[in-house]
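Chemist: Sharing query-v3.pdb here; it has PDB, C-alpha atoms.
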```pdb
ATOM      1  CA  MET A 547     141.189  50.202-132.843
ATOM      2  CA  THR A 548     141.442  53.820-131.710
ATOM      3  CA  ALA A 549     139.378  55.419-134.436
ATOM      4  CA  MET A 550     135.765  54.253-134.321
ATOM      5  CA  PRO A 551     133.867  57.208-135.611
ATOM      6  CA  GLU A 552     130.771  55.294-136.790
ATOM      7  CA  LEU A 553     130.015  53.570-133.495
ATOM      8  CA  ASP A 554     127.000  55.109-131.773
ATOM      9  CA  PRO A 555     128.348  56.622-128.517
ATOM     10  CA  VAL A 556     125.022  56.122-126.732
ATOM     11  CA  ILE A 557     125.297  52.345-127.152
ATOM     12  CA  HIS A 558     129.072  52.063-127.212
ATOM     13  CA  ALA A 559     129.684  51.905-123.453
ATOM     14  CA  GLN A 560     129.954  48.615-121.604
ATOM     15  CA  ALA A 561     126.899  48.905-119.387
ATOM     16  CA  ARG A 562     124.575  50.428-121.988
ATOM     17  CA  LEU A 563     125.699  47.855-124.488
ATOM     18  CA  ARG A 564     124.616  45.072-122.127
ATOM     19  CA  VAL A 565     121.308  46.842-121.442
ATOM     20  CA  THR A 566     120.599  47.414-125.134
ATOM     21  CA  ALA A 567     121.653  43.911-126.184
ATOM     22  CA  SER A 568     119.456  42.320-123.518
ATOM     23  CA  LEU A 569     116.455  44.468-124.442
ATOM     24  CA  ALA A 570     117.021  43.661-128.114
ATOM     25  CA  SER A 571     116.771  39.943-127.342
ATOM     26  CA  LEU A 572     113.131  40.432-126.345
ATOM     27  CA  CYS A 573     110.518  40.115-129.084
ATOM     28  CA  GLU A 574     109.611  43.382-130.717
ATOM     29  CA  GLY A 575     106.850  45.001-128.685
ATOM     30  CA  ASP A 576     107.660  43.115-125.462
ATOM     31  CA  LYS A 577     108.305  45.087-122.299
ATOM     32  CA  ILE A 578     110.211  43.929-119.239
ATOM     33  CA  THR A 579     109.838  45.133-115.666
ATOM     34  CA  PHE A 580     112.670  47.146-114.159
ATOM     35  CA  PRO A 581     113.420  44.566-111.392
ATOM     36  CA  ARG A 582     113.512  41.639-113.850
ATOM     37  CA  LEU A 583     115.866  43.557-116.133
ATOM     38  CA  GLN A 584     118.011  44.467-113.153
ATOM     39  CA  GLU A 585     118.171  40.815-112.097
ATOM     40  CA  LEU A 586     119.013  39.769-115.666
ATOM     41  CA  LEU A 587     121.857  42.262-115.892
ATOM     42  CA  ASP A 588     123.020  41.976-112.304
ATOM     43  CA  MET A 589     123.345  45.745-111.992
ATOM     44  CA  THR A 590     122.442  48.030-109.100
ATOM     45  CA  ALA A 591     119.156  49.900-109.445
ATOM     46  CA  GLY A 592     120.913  53.280-109.411
ATOM     47  CA  ASN A 593     123.397  52.292-112.085
ATOM     48  CA  LEU A 594     120.712  50.770-114.297
ATOM     49  CA  SER A 595     118.502  53.871-113.969
ATOM     50  CA  THR A 596     121.373  56.132-114.945
ATOM     51  CA  HIS A 597     122.058  54.185-118.120
ATOM     52  CA  LEU A 598     118.372  53.794-118.940
ATOM     53  CA  ARG A 599     117.951  57.550-118.659
ATOM     54  CA  LYS A 600     120.713  58.109-121.218
ATOM     55  CA  LEU A 601     119.114  55.604-123.563
ATOM     56  CA  GLU A 602     115.713  57.194-122.989
ATOM     57  CA  ASP A 603     117.105  60.676-123.720
ATOM     58  CA  ALA A 604     118.407  59.341-127.035
ATOM     59  CA  GLY A 605     114.956  57.931-127.823
ATOM     60  CA  TYR A 606     116.223  54.338-127.776
ATOM     61  CA  VAL A 607     114.293  53.164-124.745
ATOM     62  CA  GLU A 608     110.765  53.794-123.589
ATOM     63  CA  ILE A 609     109.968  53.655-119.901
ATOM     64  CA  THR A 610     106.337  53.144-118.908
ATOM     65  CA  LYS A 611     105.152  53.524-115.348
ATOM     66  CA  THR A 612     101.905  51.749-114.629
ATOM     67  CA  HIS A 613     100.043  50.100-111.780
ATOM     68  CA  GLN A 614      99.211  46.452-111.252
ATOM     69  CA  ARG A 615      96.710  46.004-108.437
ATOM     70  CA  ARG A 616      97.827  49.318-106.907
ATOM     71  CA  THR A 617     101.519  48.364-106.982
ATOM     72  CA  PRO A 618     103.550  50.657-109.214
ATOM     73  CA  VAL A 619     105.360  48.778-111.975
ATOM     74  CA  THR A 620     107.969  50.207-114.327
ATOM     75  CA  TYR A 621     108.289  48.617-117.747
ATOM     76  CA  VAL A 622     111.257  49.099-120.034
ATOM     77  CA  GLU A 623     111.286  48.447-123.762
ATOM     78  CA  LEU A 624     113.468  49.210-126.725
ATOM     79  CA  THR A 625     111.834  51.655-129.115
ATOM     80  CA  ARG A 626     111.795  50.979-132.830
ATOM     81  CA  GLN A 627     114.491  53.624-133.156
ATOM     82  CA  GLY A 628     116.530  51.913-130.432
ATOM     83  CA  ARG A 629     116.275  48.523-132.111
ATOM     84  CA  ARG A 630     117.335  50.113-135.380
ATOM     85  CA  ALA A 631     120.274  51.865-133.708
ATOM     86  CA  PHE A 632     121.369  48.602-132.118
ATOM     87  CA  GLU A 633     121.223  46.806-135.477
ATOM     88  CA  ASP A 634     123.260  49.572-137.103
ATOM     89  CA  TYR A 635     125.735  49.449-134.233
ATOM     90  CA  THR A 636     126.166  45.672-134.549
ATOM     91  CA  ALA A 637     126.599  45.967-138.299
ATOM     92  CA  ALA A 638     129.249  48.668-137.783
ATOM     93  CA  LEU A 639     131.082  46.422-135.315
ATOM     94  CA  GLN A 640     131.043  43.510-137.749
ATOM     95  CA  ALA A 641     132.331  45.762-140.503
ATOM     96  CA  LEU A 642     135.142  46.991-138.268
ATOM     97  CA  LEU A 643     136.149  43.473-137.305
ATOM     98  CA  ASN A 644     135.970  41.868-140.738
ATOM     99  CA  PRO A 645     136.178  44.625-143.285
ATOM    100  CA  ALA A 646     136.535  41.986-146.032
ATOM    101  CA  ASN A 647     133.315  40.001-145.808
ATOM    102  CA  GLY A 648     131.104  42.481-143.952
ATOM    103  CA  ALA A 649     128.586  41.199-141.472
ATOM    104  CA  ALA A 650     128.760  37.529-140.542
ATOM    105  CA  ALA A 651     125.459  35.698-140.565
ATOM    106  CA  PRO A 652     124.139  34.993-137.079
ATOM    107  CA  THR A 653     124.302  31.307-136.206
ATOM    108  CA  ASP A 654     120.991  29.629-135.601
ATOM    109  CA  ASP A 655     120.773  27.149-132.759
ATOM    110  CA  ASP A 656     117.923  24.695-132.950
ATOM    111  CA  SER A 657     118.525  23.042-129.597
ATOM    112  CA  ASP A 658     116.098  25.353-127.885
ATOM    113  CA  ARG A 659     113.300  27.606-128.876
ATOM    114  CA  SER A 660     114.348  30.954-130.197
ATOM    115  CA  PRO A 661     112.613  33.789-128.371
ATOM    116  CA  THR A 662     111.128  35.031-131.633
ATOM    117  CA  PRO A 663     108.562  32.924-133.420
TER     118      PRO A 663
ATOM    119  CA  MET B 886     124.724  33.960-111.593
ATOM    120  CA  SER B 887     128.346  33.434-110.740
ATOM    121  CA  GLU B 888     129.245  30.843-113.366
ATOM    122  CA  ARG B 889     128.721  33.177-116.295
ATOM    123  CA  ARG B 890     131.287  35.649-114.927
ATOM    124  CA  THR B 891     134.256  33.552-115.962
ATOM    125  CA  ASP B 892     134.483  34.282-119.673
ATOM    126  CA  GLU B 893     132.725  37.606-119.541
ATOM    127  CA  PRO B 894     134.504  40.714-120.720
ATOM    128  CA  GLN B 895     135.246  42.932-117.770
ATOM    129  CA  VAL B 896     132.370  45.219-116.916
ATOM    130  CA  GLN B 897     132.899  47.834-114.260
ATOM    131  CA  GLU B 898     130.077  49.032-112.098
ATOM    132  CA  GLY B 899     130.047  52.458-113.742
ATOM    133  CA  GLY B 900     130.084  50.887-117.180
ATOM    134  CA  ASP B 901     130.824  54.080-119.088
ATOM    135  CA  ALA B 902     134.093  52.867-120.574
ATOM    136  CA  ALA B 903     134.129  52.160-124.310
ATOM    137  CA  PRO B 904     135.118  48.562-125.074
ATOM    138  CA  SER B 905     137.135  47.535-128.100
ATOM    139  CA  ALA B 906     135.119  46.328-131.092
ATOM    140  CA  ALA B 907     135.914  42.689-130.338
ATOM    141  CA  ASP B 908     134.977  43.100-126.684
ATOM    142  CA  ALA B 909     131.786  44.890-127.670
ATOM    143  CA  LEU B 910     130.771  41.965-129.853
ATOM    144  CA  ALA B 911     131.577  39.537-127.044
ATOM    145  CA  ILE B 912     129.493  41.629-124.616
ATOM    146  CA  ILE B 913     126.543  41.539-127.018
ATOM    147  CA  GLN B 914     126.741  37.783-127.510
ATOM    148  CA  GLN B 915     127.127  37.111-123.807
ATOM    149  CA  ALA B 916     124.259  39.436-122.834
ATOM    150  CA  GLN B 917     121.924  38.047-125.470
ATOM    151  CA  SER B 918     122.533  34.390-124.808
ATOM    152  CA  HIS B 919     122.168  35.044-121.078
ATOM    153  CA  ALA B 920     118.923  36.961-121.602
ATOM    154  CA  SER B 921     117.367  34.457-123.971
ATOM    155  CA  SER B 922     118.274  31.476-121.794
ATOM    156  CA  ARG B 923     116.659  33.196-118.808
ATOM    157  CA  LEU B 924     113.612  34.477-120.676
ATOM    158  CA  SER B 925     112.747  31.378-122.679
ATOM    159  CA  PRO B 926     111.782  28.281-120.730
ATOM    160  CA  SER B 927     114.252  25.421-120.484
ATOM    161  CA  ILE B 928     112.539  23.051-122.910
ATOM    162  CA  GLY B 929     114.646  20.168-121.620
ATOM    163  CA  VAL B 930     112.862  20.309-118.271
ATOM    164  CA  PHE B 931     109.456  19.952-119.965
ATOM    165  CA  TYR B 932     110.633  17.008-122.051
ATOM    166  CA  LEU B 933     112.168  15.220-119.071
ATOM    167  CA  VAL B 934     109.182  15.710-116.778
ATOM    168  CA  TRP B 935     106.722  14.494-119.413
ATOM    169  CA  GLY B 936     109.076  11.710-120.504
ATOM    170  CA  VAL B 937     109.151  10.301-116.962
ATOM    171  CA  SER B 938     105.397  10.722-116.742
ATOM    172  CA  TRP B 939     104.794   8.824-120.022
ATOM    173  CA  VAL B 940     107.109   5.975-119.046
ATOM    174  CA  LEU B 941     105.314   5.583-115.698
ATOM    175  CA  ILE B 942     101.875   5.638-117.341
ATOM    176  CA  GLY B 943     102.862   3.200-120.094
ATOM    177  CA  LEU B 944     104.510   0.754-117.703
ATOM    178  CA  GLY B 945     101.592   1.019-115.278
ATOM    179  CA  TRP B 946      98.965   0.081-117.863
ATOM    180  CA  PHE B 947     101.150  -2.569-119.438
ATOM    181  CA  LEU B 948     101.630  -4.241-116.047
ATOM    182  CA  ALA B 949      97.910  -3.887-115.323
ATOM    183  CA  GLY B 950      97.140  -5.479-118.704
ATOM    184  CA  ILE B 951      99.196  -8.574-117.902
ATOM    185  CA  ASP B 952      97.680  -8.744-114.382
ATOM    186  CA  VAL B 953     100.842  -7.822-112.501
ATOM    187  CA  VAL B 954      99.407  -4.710-110.880
ATOM    188  CA  ASP B 955      95.853  -3.670-110.095
ATOM    189  CA  PRO B 956      94.293  -1.414-112.791
ATOM    190  CA  ALA B 957      93.369   0.973-109.953
ATOM    191  CA  VAL B 958      97.081   1.393-109.207
ATOM    192  CA  ALA B 959      97.777   2.175-112.871
ATOM    193  CA  GLY B 960      94.874   4.637-112.816
ATOM    194  CA  TRP B 961      96.228   6.459-109.776
ATOM    195  CA  ALA B 962      99.752   6.463-111.181
ATOM    196  CA  THR B 963      98.385   8.030-114.395
ATOM    197  CA  GLY B 964      96.549  10.748-112.491
ATOM    198  CA  ILE B 965      99.536  11.613-110.335
ATOM    199  CA  ALA B 966     101.967  11.544-113.271
ATOM    200  CA  VAL B 967      99.781  13.841-115.414
ATOM    201  CA  VAL B 968      98.929  16.324-112.662
ATOM    202  CA  GLY B 969     102.533  16.400-111.415
ATOM    203  CA  ALA B 970     103.990  17.028-114.876
ATOM    204  CA  ALA B 971     101.302  19.631-115.646
ATOM    205  CA  VAL B 972     102.039  21.531-112.422
ATOM    206  CA  VAL B 973     105.798  21.501-113.073
ATOM    207  CA  SER B 974     105.229  22.713-116.681
ATOM    208  CA  ALA B 975     102.917  25.520-115.572
ATOM    209  CA  VAL B 976     105.284  26.684-112.817
ATOM    210  CA  VAL B 977     108.358  26.613-115.067
ATOM    211  CA  GLY B 978     106.476  28.370-117.878
ATOM    212  CA  ILE B 979     105.082  31.109-115.648
ATOM    213  CA  ARG B 980     108.349  31.670-113.780
ATOM    214  CA  THR B 981     110.434  32.161-116.931
ATOM    215  CA  GLY B 982     107.935  34.626-118.355
ATOM    216  CA  ARG B 983     107.630  36.770-115.237
ATOM    217  CA  GLY B 984     108.260  40.456-115.634
ATOM    218  CA  VAL B 985     107.801  40.328-119.398
ATOM    219  CA  ARG B 986     104.645  41.649-121.018
ATOM    220  CA  GLY B 987     103.677  41.897-124.652
ATOM    221  CA  PRO B 988     103.094  39.754-127.728
ATOM    222  CA  SER B 989     105.400  36.947-126.598
ATOM    223  CA  SER B 990     103.791  36.510-123.181
ATOM    224  CA  ARG B 991     100.352  36.358-124.775
ATOM    225  CA  GLN B 992     101.678  33.809-127.243
ATOM    226  CA  GLY B 993     103.163  31.785-124.387
ATOM    227  CA  LEU B 994      99.897  31.843-122.458
ATOM    228  CA  TRP B 995      97.805  30.761-125.433
ATOM    229  CA  TYR B 996     100.287  28.062-126.292
ATOM    230  CA  GLY B 997     100.371  26.779-122.718
ATOM    231  CA  LEU B 998      96.580  26.716-122.494
ATOM    232  CA  SER B 999      96.161  24.919-125.821
ATOM    233  CA  TRP B1000      97.408  21.717-124.134
ATOM    234  CA  PRO B1001      94.911  21.428-121.269
ATOM    235  CA  ILE B1002      92.055  22.735-123.451
ATOM    236  CA  SER B1003      92.572  20.267-126.305
ATOM    237  CA  MET B1004      93.325  17.361-123.951
ATOM    238  CA  THR B1005      90.195  18.039-121.905
ATOM    239  CA  LEU B1006      88.014  18.215-125.004
ATOM    240  CA  LEU B1007      89.576  15.020-126.312
ATOM    241  CA  GLY B1008      88.673  13.432-122.968
ATOM    242  CA  VAL B1009      85.056  14.411-123.542
ATOM    243  CA  LEU B1010      85.169  13.000-127.069
ATOM    244  CA  ILE B1011      86.666   9.746-125.801
ATOM    245  CA  GLY B1012      83.968   9.589-123.126
ATOM    246  CA  ILE B1013      81.313   9.863-125.825
ATOM    247  CA  LEU B1014      83.004   7.189-127.937
ATOM    248  CA  GLY B1015      83.266   4.973-124.870
ATOM    249  CA  SER B1016      79.531   5.179-124.255
ATOM    250  CA  ARG B1017      78.871   3.681-127.702
ATOM    251  CA  ASN B1018      79.686   0.112-126.647
ATOM    252  CA  LEU B1019      82.466  -0.431-129.140
ATOM    253  CA  PRO B1020      83.564  -4.062-129.528
ATOM    254  CA  GLY B1021      86.035  -5.690-127.128
ATOM    255  CA  ASP B1022      89.075  -3.762-126.072
ATOM    256  CA  THR B1023      88.815  -1.194-128.908
ATOM    257  CA  MET B1024      88.555   1.730-126.501
ATOM    258  CA  SER B1025      91.506   0.683-124.344
ATOM    259  CA  VAL B1026      93.668   0.749-127.491
ATOM    260  CA  ILE B1027      92.102   3.748-129.263
ATOM    261  CA  ALA B1028      91.751   6.120-126.290
ATOM    262  CA  PRO B1029      95.457   6.233-125.321
ATOM    263  CA  ALA B1030      96.480   6.304-128.996
ATOM    264  CA  LEU B1031      94.292   9.389-129.537
ATOM    265  CA  TYR B1032      95.853  11.245-126.578
ATOM    266  CA  VAL B1033      99.318  10.384-127.792
ATOM    267  CA  PHE B1034      98.482  11.390-131.355
ATOM    268  CA  LEU B1035      97.154  14.769-130.201
ATOM    269  CA  ALA B1036     100.269  15.346-128.081
ATOM    270  CA  GLY B1037     102.424  14.544-131.121
ATOM    271  CA  ALA B1038     100.471  16.973-133.300
ATOM    272  CA  LEU B1039     100.848  19.711-130.675
ATOM    273  CA  TYR B1040     104.598  19.115-130.403
ATOM    274  CA  MET B1041     104.908  19.278-134.161
ATOM    275  CA  LEU B1042     103.039  22.574-134.240
ATOM    276  CA  SER B1043     105.200  24.022-131.457
ATOM    277  CA  GLY B1044     108.214  23.056-133.513
ATOM    278  CA  ALA B1045     106.772  25.013-136.412
ATOM    279  CA  VAL B1046     105.842  28.059-134.293
ATOM    280  CA  TRP B1047     109.152  28.300-132.393
ATOM    281  CA  SER B1048     111.262  26.996-135.274
ATOM    282  CA  SER B1049     112.521  24.123-133.147
ATOM    283  CA  ARG B1050     113.544  21.110-135.165
ATOM    284  CA  VAL B1051     113.621  18.941-132.037
ATOM    285  CA  ASP B1052     109.947  19.621-131.298
ATOM    286  CA  TYR B1053     108.995  19.082-134.913
ATOM    287  CA  VAL B1054     110.736  15.720-135.284
ATOM    288  CA  LEU B1055     109.621  14.617-131.825
ATOM    289  CA  GLY B1056     106.017  15.398-132.777
ATOM    290  CA  ILE B1057     106.212  13.235-135.883
ATOM    291  CA  TRP B1058     107.866  10.432-133.911
ATOM    292  CA  ILE B1059     105.138  10.543-131.258
ATOM    293  CA  MET B1060     102.376  10.378-133.873
ATOM    294  CA  VAL B1061     104.083   7.350-135.406
ATOM    295  CA  VAL B1062     104.224   5.762-131.931
ATOM    296  CA  ALA B1063     100.467   6.376-131.559
ATOM    297  CA  VAL B1064      99.726   4.722-134.899
ATOM    298  CA  VAL B1065     101.979   1.734-134.154
ATOM    299  CA  SER B1066     100.435   1.264-130.697
ATOM    300  CA  ALA B1067      96.948   1.116-132.233
ATOM    301  CA  ALA B1068      98.121  -1.308-134.917
ATOM    302  CA  VAL B1069      99.790  -3.672-132.437
ATOM    303  CA  GLY B1070      97.037  -3.507-129.806
ATOM    304  CA  LEU B1071      96.976  -5.024-126.322
ATOM    305  CA  PRO B1072      98.866  -6.039-124.277
ATOM    306  CA  ALA B1073     101.910  -4.342-125.839
ATOM    307  CA  SER B1074     100.306  -1.008-126.820
ATOM    308  CA  PRO B1075     100.821   0.784-123.446
ATOM    309  CA  LEU B1076     104.426  -0.376-123.420
ATOM    310  CA  ILE B1077     104.985   0.965-126.953
ATOM    311  CA  ILE B1078     103.564   4.340-125.896
ATOM    312  CA  GLY B1079     105.510   4.456-122.632
ATOM    313  CA  LEU B1080     108.864   3.418-124.008
ATOM    314  CA  GLY B1081     108.504   4.855-127.524
ATOM    315  CA  GLY B1082     106.891   8.177-126.647
ATOM    316  CA  GLY B1083     108.371   8.556-123.161
ATOM    317  CA  GLY B1084     111.754   7.406-124.418
ATOM    318  CA  GLY B1085     111.633   9.973-127.231
ATOM    319  CA  LEU B1086     110.821  12.724-124.743
ATOM    320  CA  LEU B1087     113.616  11.674-122.383
ATOM    321  CA  PHE B1088     116.084  11.601-125.263
ATOM    322  CA  ALA B1089     115.029  15.079-126.408
ATOM    323  CA  GLY B1090     115.178  16.330-122.805
ATOM    324  CA  VAL B1091     118.694  15.115-122.145
ATOM    325  CA  ARG B1092     119.847  16.468-125.502
ATOM    326  CA  ALA B1093     118.293  19.888-124.870
ATOM    327  CA  LEU B1094     119.771  20.175-121.365
ATOM    328  CA  ILE B1095     123.242  19.219-122.575
ATOM    329  CA  ARG B1096     123.020  21.735-125.419
ATOM    330  CA  ARG B1097     121.752  24.451-123.099
ATOM    331  CA  SER B1098     124.461  23.959-120.498
ATOM    332  CA  ALA B1099     127.084  23.946-123.258
ATOM    333  CA  ARG B1100     126.131  27.469-124.316
TER     334      ARG B1100
END
```
Could I get this structure in the form of structure tokens?

Modeler:
Amino acid sequence: MTAMPELDPVIHAQARLRVTASLASLCEGDKITFPRLQELLDMTAGNLSTHLRKLEDAGYVEITKTHQRRTPVTYVELTRQGRRAFEDYTAALQALLNPANGAAAPTDDDSDRSPTP
Amino acid sequence: MSERRTDEPQVQEGGDAAPSAADALAIIQQAQSHASSRLSPSIGVFYLVWGVSWVLIGLGWFLAGIDVVDPAVAGWATGIAVVGAAVVSAVVGIRTGRGVRGPSSRQGLWYGLSWPISMTLLGVLIGILGSRNLPGDTMSVIAPALYVFLAGALYMLSGAVWSSRVDYVLGIWIMVVAVVSAAVGLPASPLIIGLGGGGGLLFAGVRALIRRSAR
């Protein structure tokens, strides 16, 4: 497990992996506010900002600052490039873990609504 | 928040360490199931709240029909049950979607509003039908059956939109209940709706909550 040359180093760190995975579970085009994301991930604001900045520098995350009734709101979303990078990363992981059969199909759970229509 | 920590791969505050491939996959799965369970409403709560509401309404009108309770009591119970369940649904729906903006929140809003809009318009339609002096107790059988049928159709459509088999099957079941209630007629029709439709909702609710907590 020492040699993992194909794994994207921007994503392949515990905290950024959680951030990216959570953002990827949103529908494409959906944005989430910084505080809601922070609450979802249970991370400190400083720590989350640090990791978001790295993802933003890589072009994986887009951060939009806007105003809602004069209150500043920060929205975070995965860019198309970021979503693509996350998919490639997951595929690389699957390939590393089961080199024989490649990527395992994701299981579909019908007990609840999937977030994507 | 604390319960999910137990089987979680260790995540330090800094979070810059590279996990093993297996840990990375576990982190992804854990983060995604956590995020989607927080960001999509707990459907089980909706089913349960409406299931209780339907049972109360059905029992109320059945008992009123066999002169056990005053129809005014059944009327009030219906109003309270519908408004209560609608408020709970709206609050749960809005709370889960907070902080998220984009195509899915617009979809959620339109979906949520399609219920009160179509039910209100059906109420107007039923009012018009009621003013036509239809024979005997036709309206007291047809009116509830129409509401129930519309609810079933909406559930079926939500099943199709959110690819939820439970919603889809439940919708069909509820439409069948509506048809059977109209075929059987008074005094049993409210009981069929309450126990058949409400029972179906309660079953789906319990099933969804068990499934969700098992994740």

Chemist: Taking 4 positions as the minimum chain separation for residues in the same chain, which residues sit within 10 Å of segment 627-637 of chain A when counting only C-alpha atoms? Answer as a PDB file with C-alpha atoms, in the frame of the given file.

Modeler:
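This went into selection.pdb:
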```pdb
ATOM      1  CA  GLU A 552     130.771  55.294-136.790  1.00  0.00           C
ATOM      2  CA  LEU A 553     130.015  53.570-133.495  1.00  0.00           C
ATOM      3  CA  ASP A 554     127.000  55.109-131.773  1.00  0.00           C
ATOM      4  CA  PRO A 555     128.348  56.622-128.517  1.00  0.00           C
ATOM      5  CA  VAL A 556     125.022  56.122-126.732  1.00  0.00           C
ATOM      6  CA  ILE A 557     125.297  52.345-127.152  1.00  0.00           C
ATOM      7  CA  HIS A 558     129.072  52.063-127.212  1.00  0.00           C
ATOM      8  CA  LEU A 563     125.699  47.855-124.488  1.00  0.00           C
ATOM      9  CA  THR A 566     120.599  47.414-125.134  1.00  0.00           C
ATOM     10  CA  ALA A 567     121.653  43.911-126.184  1.00  0.00           C
ATOM     11  CA  LEU A 569     116.455  44.468-124.442  1.00  0.00           C
ATOM     12  CA  ALA A 570     117.021  43.661-128.114  1.00  0.00           C
ATOM     13  CA  SER A 571     116.771  39.943-127.342  1.00  0.00           C
ATOM     14  CA  GLU A 574     109.611  43.382-130.717  1.00  0.00           C
ATOM     15  CA  LEU A 601     119.114  55.604-123.563  1.00  0.00           C
ATOM     16  CA  GLU A 602     115.713  57.194-122.989  1.00  0.00           C
ATOM     17  CA  ALA A 604     118.407  59.341-127.035  1.00  0.00           C
ATOM     18  CA  GLY A 605     114.956  57.931-127.823  1.00  0.00           C
ATOM     19  CA  TYR A 606     116.223  54.338-127.776  1.00  0.00           C
ATOM     20  CA  VAL A 607     114.293  53.164-124.745  1.00  0.00           C
ATOM     21  CA  GLU A 608     110.765  53.794-123.589  1.00  0.00           C
ATOM     22  CA  GLU A 623     111.286  48.447-123.762  1.00  0.00           C
ATOM     23  CA  ALA A 641     132.331  45.762-140.503  1.00  0.00           C
ATOM     24  CA  LEU A 642     135.142  46.991-138.268  1.00  0.00           C
ATOM     25  CA  LEU A 643     136.149  43.473-137.305  1.00  0.00           C
ATOM     26  CA  GLY A 648     131.104  42.481-143.952  1.00  0.00           C
ATOM     27  CA  ALA A 649     128.586  41.199-141.472  1.00  0.00           C
ATOM     28  CA  ALA A 650     128.760  37.529-140.542  1.00  0.00           C
TER      29      ALA A 650
ATOM     30  CA  ALA B 906     135.119  46.328-131.092  1.00  0.00           C
ATOM     31  CA  ALA B 909     131.786  44.890-127.670  1.00  0.00           C
ATOM     32  CA  LEU B 910     130.771  41.965-129.853  1.00  0.00           C
ATOM     33  CA  ILE B 913     126.543  41.539-127.018  1.00  0.00           C
TER      34      ILE B 913
END
```

Chemist: Could you please determine the separation between atom CA of Thr610 of chain A and atom CA of Gln584 of chain A in Å, to one decimal place?

Modeler: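 Answer for the atom CA of Thr610 of chain A to atom CA of Gln584 of chain A separation: 15.6 Å.
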
Chemist: Using atom CA of Tyr1053 of chain B and atom CA of Arg923 of chain B as the two end points, give the distance in Å to one decimal.

Modeler: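 Separation of atom CA of Tyr1053 of chain B and atom CA of Arg923 of chain B: 22.7 Å.
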
Chemist: Which one of B:Ser1043, B:Ser1025, B:Ser922, B:Ser989 sits closest to Phe947 of chain B if you count all atoms listed in the file?

Modeler: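 The closest residue to Phe947 of chain B is B:Ser1025.
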
Chemist: Check the smallest atom-to-atom distance from each of B:Trp946, B:Tyr932, B:Trp939, B:Trp961 to chain A using only C-alpha atoms, then report the winner.

Modeler: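 Answer, going by the shortest atom-to-atom distance: B:Tyr932.
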
Chemist: Give the answer as one residue: which of A:Ala638, A:Leu572, A:Ile578, A:Val619 has the shortest atom-to-atom distance to chain B, using all atoms listed in the file?

Modeler: A:Ile578

Chemist: Could you write out as a list in words the residues of chain B within 6 Å of chain A, counting only C-alpha atoms?

Modeler: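 Therefore, the residues near the partner are Gly900, Asp901, Ala902, Ala903, Ala906, Ile913, Ala916, Gln917, Ala920, Gly984, Val985, Arg986, Gly987, Val1046, Trp1047, Ser1049 and Ala1093 of chain B.
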
Chemist: Identify all residues satisfying the PyMOL selection byres ((chain B and resi 1041) around 10) in the given file; provide them as a PyMOL selection string.

Modeler: chain B and resi 1035-1040+1042-1046+1049-1060

Chemist: Using the chain letters and residue numbers of this document, give as a PyMOL selection string the residues selected by the PyMOL selection byres ((chain B and resi 1011) around 10).

Modeler: chain B and resi 1005-1010+1012-1016+1024+1027-1029+1031-1032

Chemist: Could you write out as JSON the box around segment 950-953 of chain B (axis-aligned, all atoms listed in the file, 8 Å on each side), with centre and edge lengths in Å to one decimal?

Modeler:
```
{"center_x": 99.0, "center_y": -7.1, "center_z": -115.6, "size_x": 19.7, "size_y": 19.3, "size_z": 22.2}
```

Chemist: Run the PyMOL selection byres ((chain B and resi 962) around 12) mentally over the shown coordinates, then write out the matched residues as a list in words, using the chain letters and numbers from the document.

Modeler: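 Residues picked by the PyMOL selection byres ((chain B and resi 962) around 12): Val937, Ser938, Trp939, Val940, Leu941, Ile942, Gly943, Leu944, Gly945, Trp946, Leu948, Ala949, Val954, Asp955, Pro956, Ala957, Val958, Ala959, Gly960, Trp961, Thr963, Gly964, Ile965, Ala966, Val967, Val968, Gly969 and Ala970 of chain B.
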
Chemist: Can you work out the spacing between atom CA of Gly993 of chain B and atom CA of Val972 of chain B in Å, to one decimal?

Modeler: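 A separation of 15.8 Å between them.
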
Chemist: Taking into account all atoms listed in the file, which residue in the set B:Ala907, B:Ala1099, B:Leu1080, B:Met1004 is nearest to Val1062 of chain B?

Modeler: B:Leu1080

Chemist: Nearest to Val934 of chain B: which of B:Ala971, B:Gly982, B:Ser999, B:Gln915 is it, counting all atoms listed in the file?

Modeler: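 Of the candidates, the smallest distance to Val934 of chain B is held by B:Ala971.
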